[in-house]
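Asker: Below is one structure. I have some questions about it.
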Amino acid sequence: MITPTLSVIMGNYNHAHYLVESIPAILNQSFRPKEFIIIDDASTDNSVEIIEGFAKKDPIIRFYKNEKNLGNAATYIKAYELITGDYFNIAAADDLVLPGLFEKTMALLAKFPNAGVCSAITRKVNEKGDELDEAPERPYISKIPCYLPPEKILESFMDDESWCCAGNTAIWRQKAILDSGGFPWEAGLYIDDFLAALIALNFGACFIPEQLALHRVLPGSIGSKYRADPGAITERIDPIIKLMRTSYENKFPEPYIEGYHRLKLYEQGSMALQNWQESMAECNTFLDNALKSSSFFDRWLLKGNKVLGGIHHSLLKLYLYARLRKFNWLMIRRVFLRLMKKFKAK
């Protein structure tokens with residue numbers, strides 16, 4: 001029996017201080033990739049020196065350098081076009097795969113060769129290494145490693161997205177990508193969501209309920225910018241919906257498209273409410289400072305303004321959820337687990 005091969009691709013731009021961890025984390029996996037393709041996007045730090053040092057010691061590294069900065073998307077397109085493995089993983093220079101990711105994933109995919117992708121849980125941390133949350137959130141769709149057929153993926157999503165593909169843990173089957181029409185680069189910043197749904201809804205997906213990667217949420221990154229910009233969703237949601245109904249017609253069930261649209265509208269509304277809450281807090285701080293030697297009436301008025309503002313925000317958030325999402329047992333469990341996590345953190 002021929003063992004399927006794995007390719008890993010990584011783009012890098014000025015992440016030298018992370019490469020000393022992220023590259024060995026891939027090279028030291030118990031399941032060795034067939035090839036590790038790294039493209040440096042004209043870094044101005046000492047990234048090239050570091051990558052070349054690893055490349056000299058390990059023959060599976062194939063290192064390429066862009067003559068000028070092409071950007072993240074163009075760099076990964078170049079890397080993807082170079083892969084020769086049956087499966088591939090898209091690694092980020094500032095993220096970290098944990099021991100066992102490749103071995104456990106490839107073993108599960110060997111049991112379910114028709115699956116288009118396998119993913120696990122990734123732990124999100126800030127630039128200091130402090131834990132933020134994880135993806136997907138608890139409760140997981142399964143307590144044991146499993147295969148989810150397309151109908152289960154759709155059912156899960158319609159039941160309020162209890163499964164999602166954590167991008168940096170994902171290992172994709174190349175033939176599934178090609179049979180679906182190729183890598184959907186035209187999906188832009190929503191490519192992770194788009195690709196995961198495209199493959200899982202047509203081939204099914206495997207899931208491992210174990211933290212097997214770390215994702216750094218860095219300030220100033222493209223992802224951080226768009227996580228706080230409601231307007232970015234407006235700019236991109238209509239083209240994505242159109243793409244699902246045109247170029248990828250019959251690949252996305254209509255219930256999924258409608259549910260996806262509602263989810264993005266909910267995310268947009270949640271971002272707007274979060275920004276509003278932060279603006280209210282900033283406003284209250286300035287008012288407190290302006291009236292710090294104020295009368296009892298001023299203090300009472302400011303206190304009431306904070307309380308009423310909090311109630312207003314909570315009611316709008318609840319109404320937004322009621323209109324665009326689902327109140328069910330899964331949601332209740334998820335909220336409970338979030339509250340327990342915050343309580344333990346204190």
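Residue names in the structure tokens use chain letters A, B, ... in the order shown, residue numbers from 1 in each chain, and ligand numbers from 1 in the order shown.
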What's the 12 Å shell around Tyr76 of chain A, counting only C-alpha atoms, without same-chain residues fewer than 4 positions away, as number ranges by chain?
Answerer: A: 8-13, 37-41, 64, 66, 70-72, 80-83, 89-93, 183, 185
Asker: Within 10 Å of Leu273 of chain A, counting only C-alpha atoms, which residues qualify if same-chain residues fewer than 2 places away don't, as a list in words?
Answerer: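 Here the answer would be Pro230, Glu267, Gln268, Gly269, Ser270, Met271, Asn275, Trp276, Gln277, Glu278, Ser279, His313, Ser314, Leu316, Lys317 and Leu320 of chain A.
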Asker: Let me see the file: selected residues, N, CA, C and O atoms, as an mmCIF file, in the first residue's frame.
Answerer:
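Now in again-v8.cif:
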data_model
loop_
_atom_site.group_PDB
_atom_site.id
_atom_site.type_symbol
_atom_site.label_atom_id
_atom_site.label_comp_id
_atom_site.auth_asym_id
_atom_site.auth_seq_id
_atom_site.Cartn_x
_atom_site.Cartn_y
_atom_site.Cartn_z
ATOM 1 N N PRO A 230 -16.695 46.744 10.375
ATOM 2 C CA PRO A 230 -17.960 46.251 9.813
ATOM 3 C C PRO A 230 -18.086 46.532 8.318
ATOM 4 O O PRO A 230 -18.686 45.761 7.586
ATOM 5 N N GLU A 267 -22.149 38.955 12.157
ATOM 6 C CA GLU A 267 -20.791 39.372 12.500
ATOM 7 C C GLU A 267 -20.624 40.873 12.283
ATOM 8 O O GLU A 267 -19.980 41.561 13.089
ATOM 9 N N GLN A 268 -21.214 41.380 11.199
ATOM 10 C CA GLN A 268 -21.140 42.813 10.933
ATOM 11 C C GLN A 268 -21.825 43.611 12.045
ATOM 12 O O GLN A 268 -21.270 44.578 12.566
ATOM 13 N N GLY A 269 -23.036 43.186 12.419
ATOM 14 C CA GLY A 269 -23.744 43.870 13.484
ATOM 15 C C GLY A 269 -23.015 43.783 14.815
ATOM 16 O O GLY A 269 -22.964 44.759 15.575
ATOM 17 N N SER A 270 -22.422 42.625 15.101
ATOM 18 C CA SER A 270 -21.679 42.454 16.355
ATOM 19 C C SER A 270 -20.458 43.368 16.399
ATOM 20 O O SER A 270 -20.134 43.939 17.447
ATOM 21 N N MET A 271 -19.754 43.489 15.254
ATOM 22 C CA MET A 271 -18.609 44.398 15.199
ATOM 23 C C MET A 271 -19.043 45.830 15.466
ATOM 24 O O MET A 271 -18.388 46.562 16.214
ATOM 25 N N ASN A 275 -17.763 48.130 18.536
ATOM 26 C CA ASN A 275 -17.141 49.443 18.337
ATOM 27 C C ASN A 275 -17.902 50.528 19.093
ATOM 28 O O ASN A 275 -17.303 51.445 19.668
ATOM 29 N N TRP A 276 -19.229 50.417 19.085
ATOM 30 C CA TRP A 276 -20.059 51.386 19.798
ATOM 31 C C TRP A 276 -19.822 51.307 21.310
ATOM 32 O O TRP A 276 -19.702 52.324 21.984
ATOM 33 N N GLN A 277 -19.717 50.078 21.819
ATOM 34 C CA GLN A 277 -19.463 49.892 23.252
ATOM 35 C C GLN A 277 -18.120 50.492 23.649
ATOM 36 O O GLN A 277 -17.996 51.134 24.703
ATOM 37 N N GLU A 278 -17.117 50.289 22.815
ATOM 38 C CA GLU A 278 -15.798 50.847 23.110
ATOM 39 C C GLU A 278 -15.825 52.373 23.056
ATOM 40 O O GLU A 278 -15.167 53.048 23.860
ATOM 41 N N SER A 279 -16.607 52.932 22.100
ATOM 42 C CA SER A 279 -16.740 54.389 22.010
ATOM 43 C C SER A 279 -17.454 54.946 23.237
ATOM 44 O O SER A 279 -17.082 56.011 23.757
ATOM 45 N N HIS A 313 -26.916 48.288 24.998
ATOM 46 C CA HIS A 313 -26.026 47.429 24.199
ATOM 47 C C HIS A 313 -26.447 45.968 24.291
ATOM 48 O O HIS A 313 -26.524 45.252 23.288
ATOM 49 N N SER A 314 -26.731 45.496 25.494
ATOM 50 C CA SER A 314 -27.104 44.092 25.699
ATOM 51 C C SER A 314 -28.408 43.738 24.987
ATOM 52 O O SER A 314 -28.524 42.668 24.377
ATOM 53 N N LEU A 316 -29.695 45.217 22.312
ATOM 54 C CA LEU A 316 -29.462 45.195 20.872
ATOM 55 C C LEU A 316 -28.722 43.924 20.454
ATOM 56 O O LEU A 316 -29.030 43.323 19.416
ATOM 57 N N LYS A 317 -27.739 43.507 21.255
ATOM 58 C CA LYS A 317 -26.989 42.289 20.938
ATOM 59 C C LYS A 317 -27.908 41.069 20.982
ATOM 60 O O LYS A 317 -27.838 40.186 20.109
ATOM 61 N N LEU A 320 -30.235 41.195 17.952
ATOM 62 C CA LEU A 320 -29.482 40.836 16.746
ATOM 63 C C LEU A 320 -29.331 39.325 16.637
ATOM 64 O O LEU A 320 -29.509 38.739 15.560
#
Asker: Residues near Ile26 of chain A, anyone? I mean within 10 Å using only C-alpha atoms, not counting same-chain ones fewer than 2 positions away, as a list in words.
Answerer: Val8, Glu21, Ser22, Ile23, Pro24, Asn28, Gln29, Ser30, Phe31, Arg32, Pro33, Phe36, Ala91, Leu96, Val97, Leu98, Pro99, Leu101 and Phe102 of chain A
Asker: Figure out the distance between atom CA of Leu265 of chain A and atom CA of Met244 of chain A, please, to one decimal in Å.
Answerer: 16.6 Å
Asker: Find the residues near Gln174 of chain A: any atom within 8 Å, counting only C-alpha atoms, skip ones fewer than 3 places away on the same chain, and give them as a list in words.
Answerer: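 Final neighbour list, sorted by chain and number: Gly85, Asp86, Tyr87, Phe88, Ile177 and Leu178 of chain A.
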Asker: Quick one: of A:Glu210, A:Glu282, A:Asp45, A:Asp95, who's nearest to Asn168 of chain A, counting only C-alpha atoms?
Answerer: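 Ranked by minimum distance to Asn168 of chain A, first place goes to A:Asp95.
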Asker: Which residue out of A:His215, A:Lys306, A:Arg62, A:Lys242 has the minimum interatomic distance to Ile121 of chain A when only C-alpha atoms are used?
Answerer: A:His215
Asker: Expressed in Å to a single decimal, how great is the separation between atom CA of Leu324 of chain A and atom CA of Asp159 of chain A?
Answerer: 12.4 Å
Asker: Can you work out which one of A:Cys206, A:Met106, A:Ile60, A:Val117 has the shortest atom-to-atom distance to Leu148 of chain A, counting only C-alpha atoms?
Answerer: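 Of A:Cys206, A:Met106, A:Ile60, A:Val117, the one nearest Leu148 of chain A, counting only C-alpha atoms, is A:Cys206.
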Asker: Report the distance between atom CA of Met158 of chain A and atom CA of Tyr256 of chain A in Å, rounded to one decimal place.
Answerer: 7.2 Å
Asker: Any chance you could list, as a ChimeraX atom specification, the residues in segment 15-106 of chain A that come up strand (DSSP E) when DSSP is run on the backbone?
Answerer: /A:35-40,61-65,87-92,96-97
Asker: Write a file of the just-selected residues containing N, CA, C and O atoms, as an mmCIF file, in the first residue's frame.
Answerer:
data_model
loop_
_atom_site.group_PDB
_atom_site.id
_atom_site.type_symbol
_atom_site.label_atom_id
_atom_site.label_comp_id
_atom_site.auth_asym_id
_atom_site.auth_seq_id
_atom_site.Cartn_x
_atom_site.Cartn_y
_atom_site.Cartn_z
ATOM 1 N N GLU A 35 7.779 17.445 1.269
ATOM 2 C CA GLU A 35 8.459 18.688 0.911
ATOM 3 C C GLU A 35 7.908 19.824 1.769
ATOM 4 O O GLU A 35 6.752 19.806 2.197
ATOM 5 N N PHE A 36 8.765 20.783 2.033
ATOM 6 C CA PHE A 36 8.397 21.959 2.807
ATOM 7 C C PHE A 36 8.801 23.162 1.958
ATOM 8 O O PHE A 36 9.972 23.522 1.891
ATOM 9 N N ILE A 37 7.833 23.759 1.305
ATOM 10 C CA ILE A 37 8.077 24.861 0.368
ATOM 11 C C ILE A 37 7.929 26.192 1.106
ATOM 12 O O ILE A 37 6.865 26.496 1.646
ATOM 13 N N ILE A 38 8.997 26.974 1.136
ATOM 14 C CA ILE A 38 8.983 28.274 1.793
ATOM 15 C C ILE A 38 9.311 29.347 0.761
ATOM 16 O O ILE A 38 10.285 29.227 0.017
ATOM 17 N N ILE A 39 8.487 30.381 0.722
ATOM 18 C CA ILE A 39 8.755 31.523 -0.160
ATOM 19 C C ILE A 39 8.854 32.781 0.691
ATOM 20 O O ILE A 39 7.922 33.125 1.425
ATOM 21 N N ASP A 40 9.970 33.463 0.598
ATOM 22 C CA ASP A 40 10.136 34.724 1.312
ATOM 23 C C ASP A 40 9.747 35.867 0.387
ATOM 24 O O ASP A 40 10.213 35.958 -0.751
ATOM 25 N N ILE A 61 13.326 20.985 2.610
ATOM 26 C CA ILE A 61 12.996 22.405 2.424
ATOM 27 C C ILE A 61 13.342 22.832 0.999
ATOM 28 O O ILE A 61 14.460 22.631 0.520
ATOM 29 N N ARG A 62 12.359 23.406 0.321
ATOM 30 C CA ARG A 62 12.562 24.028 -0.991
ATOM 31 C C ARG A 62 12.325 25.523 -0.801
ATOM 32 O O ARG A 62 11.211 25.963 -0.567
ATOM 33 N N PHE A 63 13.385 26.295 -0.909
ATOM 34 C CA PHE A 63 13.322 27.709 -0.572
ATOM 35 C C PHE A 63 13.381 28.578 -1.830
ATOM 36 O O PHE A 63 14.225 28.396 -2.690
ATOM 37 N N TYR A 64 12.458 29.539 -1.896
ATOM 38 C CA TYR A 64 12.388 30.475 -3.014
ATOM 39 C C TYR A 64 12.276 31.898 -2.462
ATOM 40 O O TYR A 64 11.727 32.110 -1.384
ATOM 41 N N LYS A 65 12.778 32.851 -3.231
ATOM 42 C CA LYS A 65 12.718 34.255 -2.816
ATOM 43 C C LYS A 65 12.061 35.103 -3.902
ATOM 44 O O LYS A 65 12.431 35.008 -5.082
ATOM 45 N N TYR A 87 -1.550 15.463 -0.303
ATOM 46 C CA TYR A 87 -2.211 16.348 0.650
ATOM 47 C C TYR A 87 -1.288 17.535 0.902
ATOM 48 O O TYR A 87 -0.080 17.465 0.653
ATOM 49 N N PHE A 88 -1.870 18.620 1.409
ATOM 50 C CA PHE A 88 -1.019 19.769 1.727
ATOM 51 C C PHE A 88 -1.565 20.540 2.917
ATOM 52 O O PHE A 88 -2.763 20.515 3.225
ATOM 53 N N ASN A 89 -0.645 21.227 3.591
ATOM 54 C CA ASN A 89 -0.960 22.088 4.724
ATOM 55 C C ASN A 89 -0.438 23.479 4.421
ATOM 56 O O ASN A 89 0.665 23.634 3.903
ATOM 57 N N ILE A 90 -1.244 24.493 4.751
ATOM 58 C CA ILE A 90 -0.832 25.883 4.549
ATOM 59 C C ILE A 90 -0.387 26.437 5.896
ATOM 60 O O ILE A 90 -1.211 26.650 6.788
ATOM 61 N N ALA A 91 0.900 26.647 6.038
ATOM 62 C CA ALA A 91 1.455 27.114 7.307
ATOM 63 C C ALA A 91 1.726 28.610 7.255
ATOM 64 O O ALA A 91 2.067 29.149 6.196
ATOM 65 N N ALA A 92 1.559 29.272 8.384
ATOM 66 C CA ALA A 92 1.889 30.697 8.501
ATOM 67 C C ALA A 92 3.181 30.834 9.288
ATOM 68 O O ALA A 92 3.396 30.123 10.272
ATOM 69 N N LEU A 96 2.177 28.327 14.800
ATOM 70 C CA LEU A 96 2.970 27.194 15.276
ATOM 71 C C LEU A 96 2.123 25.933 15.249
ATOM 72 O O LEU A 96 1.020 25.904 15.798
ATOM 73 N N VAL A 97 2.617 24.890 14.549
ATOM 74 C CA VAL A 97 1.941 23.591 14.625
ATOM 75 C C VAL A 97 2.511 22.844 15.822
ATOM 76 O O VAL A 97 3.690 22.976 16.150
#
Asker: Which residues come within 10 Å of Ile199 of chain A, counting only C-alpha atoms, excluding same-chain residues fewer than 6 positions away, as JSON, numbers by chain?
Answerer: {"A": [115, 116, 117, 150, 172, 173, 176, 177, 179, 180, 205, 251, 252]}
Asker: I need the chosen residues saved as an mmCIF file, in the first residue's frame, with all heavy atoms.
Answerer:
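Okay, selection_14.cif is ready:
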data_model
loop_
_atom_site.group_PDB
_atom_site.id
_atom_site.type_symbol
_atom_site.label_atom_id
_atom_site.label_comp_id
_atom_site.auth_asym_id
_atom_site.auth_seq_id
_atom_site.Cartn_x
_atom_site.Cartn_y
_atom_site.Cartn_z
ATOM 1 N N ALA A 115 -12.501 11.845 2.331
ATOM 2 C CA ALA A 115 -12.613 13.148 2.996
ATOM 3 C C ALA A 115 -11.763 14.177 2.265
ATOM 4 O O ALA A 115 -10.651 13.887 1.805
ATOM 5 C CB ALA A 115 -12.177 13.046 4.452
ATOM 6 N N GLY A 116 -12.275 15.391 2.162
ATOM 7 C CA GLY A 116 -11.534 16.431 1.462
ATOM 8 C C GLY A 116 -10.563 17.194 2.334
ATOM 9 O O GLY A 116 -9.616 17.811 1.841
ATOM 10 N N VAL A 117 -10.771 17.145 3.653
ATOM 11 C CA VAL A 117 -9.936 17.921 4.565
ATOM 12 C C VAL A 117 -10.043 17.329 5.960
ATOM 13 O O VAL A 117 -11.036 16.678 6.297
ATOM 14 C CB VAL A 117 -10.367 19.408 4.575
ATOM 15 C CG1 VAL A 117 -11.805 19.560 5.065
ATOM 16 C CG2 VAL A 117 -9.431 20.277 5.409
ATOM 17 N N PRO A 150 -20.851 15.031 4.141
ATOM 18 C CA PRO A 150 -21.366 16.340 3.725
ATOM 19 C C PRO A 150 -22.691 16.721 4.387
ATOM 20 O O PRO A 150 -22.871 17.877 4.790
ATOM 21 C CB PRO A 150 -21.517 16.184 2.208
ATOM 22 C CG PRO A 150 -20.458 15.191 1.832
ATOM 23 C CD PRO A 150 -20.430 14.217 2.975
ATOM 24 N N TRP A 172 -5.373 19.406 3.492
ATOM 25 C CA TRP A 172 -6.314 19.306 2.387
ATOM 26 C C TRP A 172 -5.912 18.204 1.409
ATOM 27 O O TRP A 172 -4.719 17.974 1.170
ATOM 28 C CB TRP A 172 -6.366 20.626 1.626
ATOM 29 C CG TRP A 172 -6.631 21.820 2.489
ATOM 30 C CD1 TRP A 172 -5.702 22.591 3.138
ATOM 31 C CD2 TRP A 172 -7.905 22.370 2.827
ATOM 32 N NE1 TRP A 172 -6.323 23.591 3.844
ATOM 33 C CE2 TRP A 172 -7.671 23.485 3.671
ATOM 34 C CE3 TRP A 172 -9.216 22.030 2.476
ATOM 35 C CZ2 TRP A 172 -8.710 24.261 4.182
ATOM 36 C CZ3 TRP A 172 -10.246 22.806 2.974
ATOM 37 C CH2 TRP A 172 -9.997 23.903 3.818
ATOM 38 N N ARG A 173 -6.910 17.536 0.831
ATOM 39 C CA ARG A 173 -6.638 16.543 -0.214
ATOM 40 C C ARG A 173 -6.598 17.278 -1.551
ATOM 41 O O ARG A 173 -7.572 17.884 -1.972
ATOM 42 C CB ARG A 173 -7.713 15.454 -0.214
ATOM 43 C CG ARG A 173 -7.469 14.350 -1.241
ATOM 44 C CD ARG A 173 -8.280 13.094 -0.914
ATOM 45 N NE ARG A 173 -9.709 13.317 -0.957
ATOM 46 C CZ ARG A 173 -10.486 13.108 -2.035
ATOM 47 N NH1 ARG A 173 -9.953 12.696 -3.172
ATOM 48 N NH2 ARG A 173 -11.791 13.323 -1.969
ATOM 49 N N ALA A 176 -9.326 16.618 -4.184
ATOM 50 C CA ALA A 176 -10.622 17.229 -3.868
ATOM 51 C C ALA A 176 -10.641 18.691 -4.310
ATOM 52 O O ALA A 176 -11.659 19.184 -4.826
ATOM 53 C CB ALA A 176 -10.904 17.116 -2.376
ATOM 54 N N ILE A 177 -9.524 19.382 -4.114
ATOM 55 C CA ILE A 177 -9.421 20.776 -4.556
ATOM 56 C C ILE A 177 -9.575 20.864 -6.062
ATOM 57 O O ILE A 177 -10.349 21.668 -6.592
ATOM 58 C CB ILE A 177 -8.070 21.389 -4.138
ATOM 59 C CG1 ILE A 177 -7.860 21.308 -2.629
ATOM 60 C CG2 ILE A 177 -7.954 22.817 -4.648
ATOM 61 C CD1 ILE A 177 -8.689 22.233 -1.813
ATOM 62 N N ASP A 179 -10.875 18.655 -8.162
ATOM 63 C CA ASP A 179 -12.210 18.234 -8.604
ATOM 64 C C ASP A 179 -13.271 19.296 -8.331
ATOM 65 O O ASP A 179 -14.353 19.269 -8.932
ATOM 66 C CB ASP A 179 -12.615 16.926 -7.910
ATOM 67 C CG ASP A 179 -11.827 15.729 -8.417
ATOM 68 O OD1 ASP A 179 -11.152 15.862 -9.457
ATOM 69 O OD2 ASP A 179 -11.870 14.668 -7.763
ATOM 70 N N SER A 180 -12.968 20.223 -7.426
ATOM 71 C CA SER A 180 -13.915 21.291 -7.100
ATOM 72 C C SER A 180 -13.721 22.524 -7.961
ATOM 73 O O SER A 180 -14.433 23.518 -7.802
ATOM 74 C CB SER A 180 -13.770 21.679 -5.620
ATOM 75 O OG SER A 180 -14.067 20.583 -4.784
ATOM 76 N N ALA A 205 -15.541 15.943 5.840
ATOM 77 C CA ALA A 205 -14.327 16.381 6.516
ATOM 78 C C ALA A 205 -14.072 15.538 7.757
ATOM 79 O O ALA A 205 -15.004 15.009 8.360
ATOM 80 C CB ALA A 205 -14.448 17.854 6.917
ATOM 81 N N LYS A 251 -22.283 23.659 -6.029
ATOM 82 C CA LYS A 251 -21.314 23.211 -5.028
ATOM 83 C C LYS A 251 -21.768 23.586 -3.613
ATOM 84 O O LYS A 251 -21.341 22.973 -2.636
ATOM 85 C CB LYS A 251 -19.939 23.830 -5.295
ATOM 86 C CG LYS A 251 -19.306 23.438 -6.620
ATOM 87 C CD LYS A 251 -18.911 21.982 -6.656
ATOM 88 C CE LYS A 251 -18.172 21.651 -7.939
ATOM 89 N NZ LYS A 251 -17.814 20.213 -8.029
ATOM 90 N N PHE A 252 -22.615 24.619 -3.530
ATOM 91 C CA PHE A 252 -23.097 25.097 -2.240
ATOM 92 C C PHE A 252 -24.619 24.986 -2.189
ATOM 93 O O PHE A 252 -25.311 25.641 -2.969
ATOM 94 C CB PHE A 252 -22.702 26.561 -2.018
ATOM 95 C CG PHE A 252 -21.229 26.788 -1.875
ATOM 96 C CD1 PHE A 252 -20.447 27.075 -2.988
ATOM 97 C CD2 PHE A 252 -20.621 26.721 -0.632
ATOM 98 C CE1 PHE A 252 -19.088 27.290 -2.856
ATOM 99 C CE2 PHE A 252 -19.258 26.937 -0.492
ATOM 100 C CZ PHE A 252 -18.484 27.220 -1.605
#
Asker: As an MDAnalysis selection string, please: the residues near Gln211 of chain A (cut-off 7 Å, only C-alpha atoms, same-chain neighbours under 6 positions excluded).
Answerer: chainID A and resid 120:123
Asker: Selection from above, all heavy atoms, as a PDB file, in the first residue's frame, can you write it?
Answerer:
ATOM      1  N   ALA A 120      -8.154  20.224  13.176  1.00  0.00           N
ATOM      2  CA  ALA A 120      -8.188  20.009  14.618  1.00  0.00           C
ATOM      3  C   ALA A 120      -8.530  21.336  15.292  1.00  0.00           C
ATOM      4  O   ALA A 120      -9.163  22.200  14.688  1.00  0.00           O
ATOM      5  CB  ALA A 120      -6.848  19.460  15.094  1.00  0.00           C
ATOM      6  N   ILE A 121      -8.089  21.514  16.511  1.00  0.00           N
ATOM      7  CA  ILE A 121      -8.374  22.732  17.265  1.00  0.00           C
ATOM      8  C   ILE A 121      -7.111  23.584  17.315  1.00  0.00           C
ATOM      9  O   ILE A 121      -6.010  23.063  17.492  1.00  0.00           O
ATOM     10  CB  ILE A 121      -8.835  22.391  18.689  1.00  0.00           C
ATOM     11  CG1 ILE A 121     -10.090  21.522  18.632  1.00  0.00           C
ATOM     12  CG2 ILE A 121      -9.109  23.654  19.501  1.00  0.00           C
ATOM     13  CD1 ILE A 121     -10.398  20.821  19.934  1.00  0.00           C
ATOM     14  N   THR A 122      -7.278  24.875  17.137  1.00  0.00           N
ATOM     15  CA  THR A 122      -6.138  25.785  17.257  1.00  0.00           C
ATOM     16  C   THR A 122      -6.365  26.734  18.425  1.00  0.00           C
ATOM     17  O   THR A 122      -7.491  27.160  18.684  1.00  0.00           O
ATOM     18  CB  THR A 122      -5.922  26.585  15.951  1.00  0.00           C
ATOM     19  OG1 THR A 122      -4.691  27.298  16.031  1.00  0.00           O
ATOM     20  CG2 THR A 122      -7.057  27.559  15.696  1.00  0.00           C
ATOM     21  N   ARG A 123      -5.302  27.006  19.162  1.00  0.00           N
ATOM     22  CA  ARG A 123      -5.375  27.923  20.289  1.00  0.00           C
ATOM     23  C   ARG A 123      -4.926  29.313  19.834  1.00  0.00           C
ATOM     24  O   ARG A 123      -3.845  29.479  19.284  1.00  0.00           O
ATOM     25  CB  ARG A 123      -4.470  27.436  21.425  1.00  0.00           C
ATOM     26  CG  ARG A 123      -4.584  28.256  22.690  1.00  0.00           C
ATOM     27  CD  ARG A 123      -3.823  27.628  23.858  1.00  0.00           C
ATOM     28  NE  ARG A 123      -2.385  27.823  23.761  1.00  0.00           N
ATOM     29  CZ  ARG A 123      -1.514  26.868  23.457  1.00  0.00           C
ATOM     30  NH1 ARG A 123      -1.930  25.640  23.185  1.00  0.00           N
ATOM     31  NH2 ARG A 123      -0.222  27.128  23.405  1.00  0.00           N
TER      32      ARG A 123
END
Asker: Give me, as a ChimeraX atom specification, the residues of segment 59-253 of chain A that a backbone DSSP run labels alpha helix (DSSP H).
Answerer: /A:72-80,101-111,150-158,174-179,191-203,222-226,230-245
Asker: Which is closer to Asp58 of chain A than all the others in A:Arg262, A:Arg334, A:Lys34, A:His17, using only C-alpha atoms?
Answerer: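 Looking at the shortest contact to Asp58 of chain A, the residue is A:Lys34.
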